[in-house]
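Q: Below is the file target_26.tsv, which contains TSV, C-alpha atoms.
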```
chain	number	residue	atom	x	y	z
A	1	MET	CA	0.00	0.00	0.00
A	2	SER	CA	1.50	3.30	-1.06
A	3	ALA	CA	1.67	6.43	1.10
A	4	THR	CA	-0.86	8.07	-1.23
A	5	GLU	CA	-3.30	5.18	-0.84
A	6	LEU	CA	-2.91	5.31	2.93
A	7	ARG	CA	-3.67	9.04	2.80
A	8	TYR	CA	-6.90	8.33	0.90
A	9	LEU	CA	-7.88	5.62	3.39
A	10	ASN	CA	-7.12	7.95	6.28
A	11	ARG	CA	-9.51	10.49	4.72
A	12	CYS	CA	-12.13	7.72	4.64
A	13	VAL	CA	-11.55	7.22	8.37
A	14	GLU	CA	-12.01	10.98	8.91
A	15	LEU	CA	-15.31	10.81	7.02
A	16	ALA	CA	-16.35	7.80	9.12
A	17	ALA	CA	-15.53	9.83	12.26
A	18	GLU	CA	-17.68	12.70	10.91
A	19	SER	CA	-20.47	10.19	10.42
A	20	LEU	CA	-20.05	8.92	13.98
A	21	ALA	CA	-20.05	12.49	15.35
A	22	ALA	CA	-23.33	13.09	13.49
A	23	GLY	CA	-24.88	10.04	15.20
A	24	ASP	CA	-24.53	7.75	12.22
A	25	GLU	CA	-22.73	4.49	11.62
A	26	PRO	CA	-19.02	5.07	10.89
A	27	PHE	CA	-18.42	4.69	7.16
A	28	GLY	CA	-16.72	7.03	4.69
A	29	SER	CA	-15.60	6.76	1.06
A	30	LEU	CA	-13.73	8.60	-1.71
A	31	LEU	CA	-13.88	8.36	-5.49
A	32	VAL	CA	-10.44	9.09	-6.94
A	33	ALA	CA	-9.63	9.71	-10.61
A	34	GLU	CA	-6.77	7.98	-12.39
A	35	ASP	CA	-4.64	11.14	-11.96
A	36	GLY	CA	-5.18	11.13	-8.17
A	37	GLU	CA	-7.80	13.88	-8.00
A	38	VAL	CA	-10.51	13.26	-5.40
A	39	LEU	CA	-13.70	13.55	-7.44
A	40	PHE	CA	-16.33	12.91	-4.79
A	41	GLU	CA	-16.49	11.92	-1.14
A	42	ASP	CA	-19.28	11.06	1.24
A	43	ARG	CA	-20.07	9.54	4.60
A	44	ASN	CA	-22.81	7.30	5.87
A	45	ARG	CA	-26.22	8.98	6.20
A	46	VAL	CA	-28.56	6.09	7.06
A	47	SER	CA	-29.76	7.72	10.30
A	48	SER	CA	-31.98	9.83	8.01
A	49	GLY	CA	-34.21	6.75	7.81
A	50	ASP	CA	-33.10	5.82	4.28
A	51	ARG	CA	-30.98	2.68	4.81
A	52	THR	CA	-29.62	2.97	1.23
A	53	ARG	CA	-27.65	6.16	2.02
A	54	HIS	CA	-24.30	4.35	2.14
A	55	PRO	CA	-21.35	6.43	0.88
A	56	GLU	CA	-20.29	3.77	-1.64
A	57	PHE	CA	-23.77	3.82	-3.19
A	58	GLU	CA	-23.70	7.63	-3.35
A	59	LEU	CA	-20.29	7.51	-5.10
A	60	ALA	CA	-21.64	5.10	-7.71
A	61	ARG	CA	-24.71	7.28	-8.28
A	62	TRP	CA	-22.56	10.43	-8.58
A	63	ALA	CA	-20.15	8.73	-10.98
A	64	ALA	CA	-22.98	7.44	-13.20
A	65	ASN	CA	-24.32	10.99	-13.51
A	66	ASN	CA	-21.02	12.87	-13.88
A	67	LEU	CA	-18.34	10.68	-15.49
A	68	THR	CA	-17.87	8.95	-18.81
A	69	PRO	CA	-17.68	5.15	-18.83
A	70	GLY	CA	-13.90	5.40	-19.33
A	71	GLN	CA	-13.45	7.78	-16.40
A	72	ARG	CA	-15.54	5.49	-14.18
A	73	ALA	CA	-13.54	2.40	-15.18
A	74	SER	CA	-10.20	4.10	-14.47
A	75	SER	CA	-11.25	5.47	-11.07
A	76	THR	CA	-10.61	3.93	-7.66
A	77	VAL	CA	-12.97	3.82	-4.70
A	78	TYR	CA	-11.32	4.08	-1.28
A	79	THR	CA	-13.56	3.18	1.61
A	80	SER	CA	-13.45	2.56	5.33
A	81	GLY	CA	-15.37	-0.71	5.01
A	82	GLU	CA	-15.79	-3.31	2.31
A	83	HIS	CA	-18.92	-2.70	0.23
A	84	CYS	CA	-22.15	-4.40	1.25
A	85	PRO	CA	-23.89	-6.35	-1.56
A	86	MET	CA	-26.09	-3.34	-2.46
A	87	CYS	CA	-23.07	-1.05	-2.83
A	88	ALA	CA	-21.01	-3.69	-4.63
A	89	ALA	CA	-23.83	-4.11	-7.16
A	90	ALA	CA	-24.08	-0.33	-7.64
A	91	HIS	CA	-20.29	-0.23	-8.14
A	92	GLY	CA	-20.51	-2.96	-10.78
A	93	TRP	CA	-23.50	-1.45	-12.60
A	94	ALA	CA	-21.84	1.99	-12.66
A	95	GLY	CA	-18.70	0.41	-14.14
A	96	LEU	CA	-16.34	1.76	-11.49
A	97	GLY	CA	-12.75	0.53	-11.24
A	98	ARG	CA	-10.66	-0.74	-8.37
A	99	ILE	CA	-11.80	-0.80	-4.71
A	100	VAL	CA	-9.48	-0.35	-1.73
A	101	TYR	CA	-11.01	-0.89	1.71
A	102	ALA	CA	-9.66	-0.55	5.25
A	103	SER	CA	-11.85	-3.19	6.94
A	104	SER	CA	-13.58	-6.24	5.47
A	105	ALA	CA	-17.20	-7.36	5.57
A	106	GLU	CA	-16.05	-10.42	7.52
A	107	GLN	CA	-14.32	-8.23	10.11
A	108	LEU	CA	-17.44	-6.08	10.45
A	109	ALA	CA	-19.68	-9.13	10.88
A	110	ASN	CA	-17.37	-10.43	13.62
A	111	TRP	CA	-17.21	-7.04	15.37
A	112	LEU	CA	-20.98	-6.66	15.34
A	113	ALA	CA	-21.46	-10.22	16.64
A	114	GLU	CA	-19.08	-9.53	19.53
A	115	LEU	CA	-21.10	-6.38	20.31
A	116	SER	CA	-24.38	-8.38	20.19
A	117	VAL	CA	-25.73	-6.22	17.37
A	118	PRO	CA	-28.70	-7.88	15.61
A	119	ALA	CA	-27.94	-9.27	12.17
A	120	ALA	CA	-28.50	-7.00	9.18
A	121	PRO	CA	-31.38	-7.85	6.82
A	122	VAL	CA	-28.87	-8.40	3.99
A	123	ARG	CA	-26.12	-11.00	4.24
A	124	ALA	CA	-22.54	-9.68	4.27
A	125	LEU	CA	-20.65	-10.96	1.23
A	126	PRO	CA	-17.20	-10.23	-0.13
A	127	ILE	CA	-17.27	-7.73	-3.01
A	128	LYS	CA	-15.92	-10.38	-5.42
A	129	ALA	CA	-18.99	-12.55	-4.71
A	130	VAL	CA	-21.14	-9.76	-6.18
A	131	VAL	CA	-18.78	-8.18	-8.76
A	132	PRO	CA	-16.31	-10.92	-9.69
A	133	GLY	CA	-14.33	-8.87	-12.21
A	134	VAL	CA	-13.42	-5.91	-10.00
A	135	GLU	CA	-9.91	-5.48	-8.58
A	136	VAL	CA	-10.05	-5.34	-4.77
A	137	SER	CA	-7.43	-4.56	-2.11
A	138	GLY	CA	-7.94	-4.81	1.64
A	139	PRO	CA	-8.22	-5.01	4.54
A	140	VAL	CA	-5.49	-2.78	5.97
A	141	PRO	CA	-4.91	-3.95	9.57
A	142	GLU	CA	-3.39	-0.73	10.95
A	143	ILE	CA	-6.44	1.23	9.79
A	144	ALA	CA	-9.06	-1.47	10.39
A	145	GLU	CA	-8.51	-1.29	14.15
A	146	ARG	CA	-9.47	2.41	14.10
A	147	ILE	CA	-12.70	1.49	12.31
A	148	HIS	CA	-13.33	-1.27	14.85
A	149	ASP	CA	-13.01	1.27	17.66
A	150	MET	CA	-15.58	3.55	16.00
A	151	HIS	CA	-18.06	0.67	15.75
A	152	ARG	CA	-17.53	-0.06	19.43
A	153	ARG	CA	-18.28	3.58	20.23
A	154	PHE	CA	-21.31	3.74	17.93
A	155	HIS	CA	-22.96	0.59	19.23
A	156	GLY	CA	-21.93	1.26	22.81
A	157	ARG	CA	-23.76	4.59	22.88
A	158	LYS	CA	-27.12	3.00	22.04
A	159	PRO	CA	-27.43	-0.06	24.32
A	160	GLY	CA	-30.29	-2.33	23.41
A	161	SER	CA	-31.25	-0.25	20.38
A	162	ALA	CA	-28.29	-0.55	18.04
A	163	PRO	CA	-29.40	-0.39	14.40
A	164	ASN	CA	-28.52	-3.04	11.90
A	165	ALA	CA	-25.20	-2.67	10.11
A	166	PRO	CA	-25.16	-1.48	6.51
```
Could you render the structure as structure tokens?

A:
Amino acid sequence: MSATELRYLNRCVELAAESLAAGDEPFGSLLVAEDGEVLFEDRNRVSSGDRTRHPEFELARWAANNLTPGQRASSTVYTSGEHCPMCAAAHGWAGLGRIVYASSAEQLANWLAELSVPAAPVRALPIKAVVPGVEVSGPVPEIAERIHDMHRRFHGRKPGSAPNAP
């Protein structure tokens, strides 16, 4: 992992922290052009009541509306957590390129189980199970532990009423 890629992932962690500070589940993502320009970024916004407001889904929607197919294919998505199946499908349908994530869906499932968080209504799957042709890198252990800590804080602040994970 290059220093530049770590910088992008650290920005995803900052966005996840912004999400946590806003009372939302800690997820953040960036869409980066082939030349390294950050094109779009977002954080989780599911506390609005719309459980589809994942940052990875928003990136795919933005890219579909603002980039050519070639620009989408040459871009990279950096994200604090591996895409859920909904976001992976959006990524594939939008024709986005590589994905780099800090923590995996398997790690998240384990963390939520240890915190006694009820299971999500959608099964956690690796991105490659949904979009087999996409290039994927992750997890990144030194960053994943920071994400784990944010999930502990999020679910610890709402005992007995923790929402399902995205």

Q: If we count only C-alpha atoms and set the cut-off at 6 Å, which residues sit around region 69-77 of chain A, ignoring sequence neighbours fewer than 6 positions away in its own chain? Please answer as JSON, numbers by chain.

A: {"A": [30, 31, 32, 33, 34, 95, 96, 97, 98, 99]}

Q: Grab the CA of Leu67 (chain A) to CA of Gly92 (chain A) distance for me, in Å with one decimal place.

A: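 Separation between CA of Leu67 (chain A) and CA of Gly92 (chain A): 14.6 Å.
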
Q: If you count only C-alpha atoms, which residues fall within 8 Å of region 53-66 of chain A, apart from same-chain ones fewer than 2 positions away, as a VMD selection string?

A: chain A and resid 27 to 31 40 to 46 50 to 51 68 72 77 79 83 86 to 87 90 to 91 94 96 166

Q: Between CA of Ser80 (chain A) and CA of Asp24 (chain A), what is the distance, to one decimal in Å?

A: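 Atom-to-atom, CA of Ser80 (chain A) to CA of Asp24 (chain A), that is 14.0 Å.
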
Q: Could you please determine the separation between CA of Val131 (chain A) and CA of Phe154 (chain A) in Å, to one decimal place?

A: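 Atom-to-atom, CA of Val131 (chain A) to CA of Phe154 (chain A), that is 29.3 Å.
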
Q: Which is closest to Leu112 (chain A) among A:Val134, A:Glu82, A:Arg152, A:Ile147, if we use only C-alpha atoms?

A: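 So, comparing all the options, the nearest one is A:Arg152.
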
Q: For each of A:Ser104, A:Ser19, A:Asn110, A:Ser116, take the minimum atom-to-atom distance to Pro139 (chain A), counting all atoms listed in the file, then give the residue where this is smallest.

A: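 When distances to Pro139 (chain A) are compared using all atoms listed in the file, the smallest one comes from A:Ser104.
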
Q: Would you mind listing what lies within 6 Å of Val100 (chain A) as a count of residues only, with all atoms listed in the file counted and same-chain residues fewer than 3 positions away left out?

A: 4

Q: Taking all atoms listed in the file into account, which of A:Leu15, A:Leu9, A:Ala144, A:Leu20 comes nearest Trp111 (chain A)?

A: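 The answer is A:Ala144, which sits nearest to Trp111 (chain A).
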
Q: Which of these, A:Thr4, A:Pro126, A:Leu115, A:Gln107, has the shortest distance to Arg153 (chain A) once you count all atoms listed in the file?

A: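 Among the listed residues, A:Leu115 lies closest to Arg153 (chain A).
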
Q: Pick the closest to Asp149 (chain A) from A:Ala17, A:Ala109, A:Tyr101, A:Leu6: which is it, counting all atoms listed in the file?

A: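 For Asp149 (chain A), the nearest of the given residues is A:Ala17.
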
Q: For Ala129 (chain A), which residue out of A:Leu108, A:Met150, A:Val117, A:Ala88 is the nearest one, using all atoms listed in the file?

A: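 That would be A:Ala88, the residue with the smallest distance to Ala129 (chain A).
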
Q: Which residues are near Ala124 (chain A)? Cut-off 8 Å, all atoms listed in the file, ignore same chain within fewer than 6 positions. Put them as a list in words.

A: Cys84, Pro85, Ala105, Glu106 and Ala109 of chain A

Q: Around all of region 18-29 of chain A's listed atoms, make the axis-aligned box with 4 Å on each side and tell me centre and edge lengths in Å to one decimal, as JSON.

A:
```
{"center_x": -20.2, "center_y": 8.8, "center_z": 8.2, "size_x": 17.3, "size_y": 16.6, "size_z": 22.3}
```
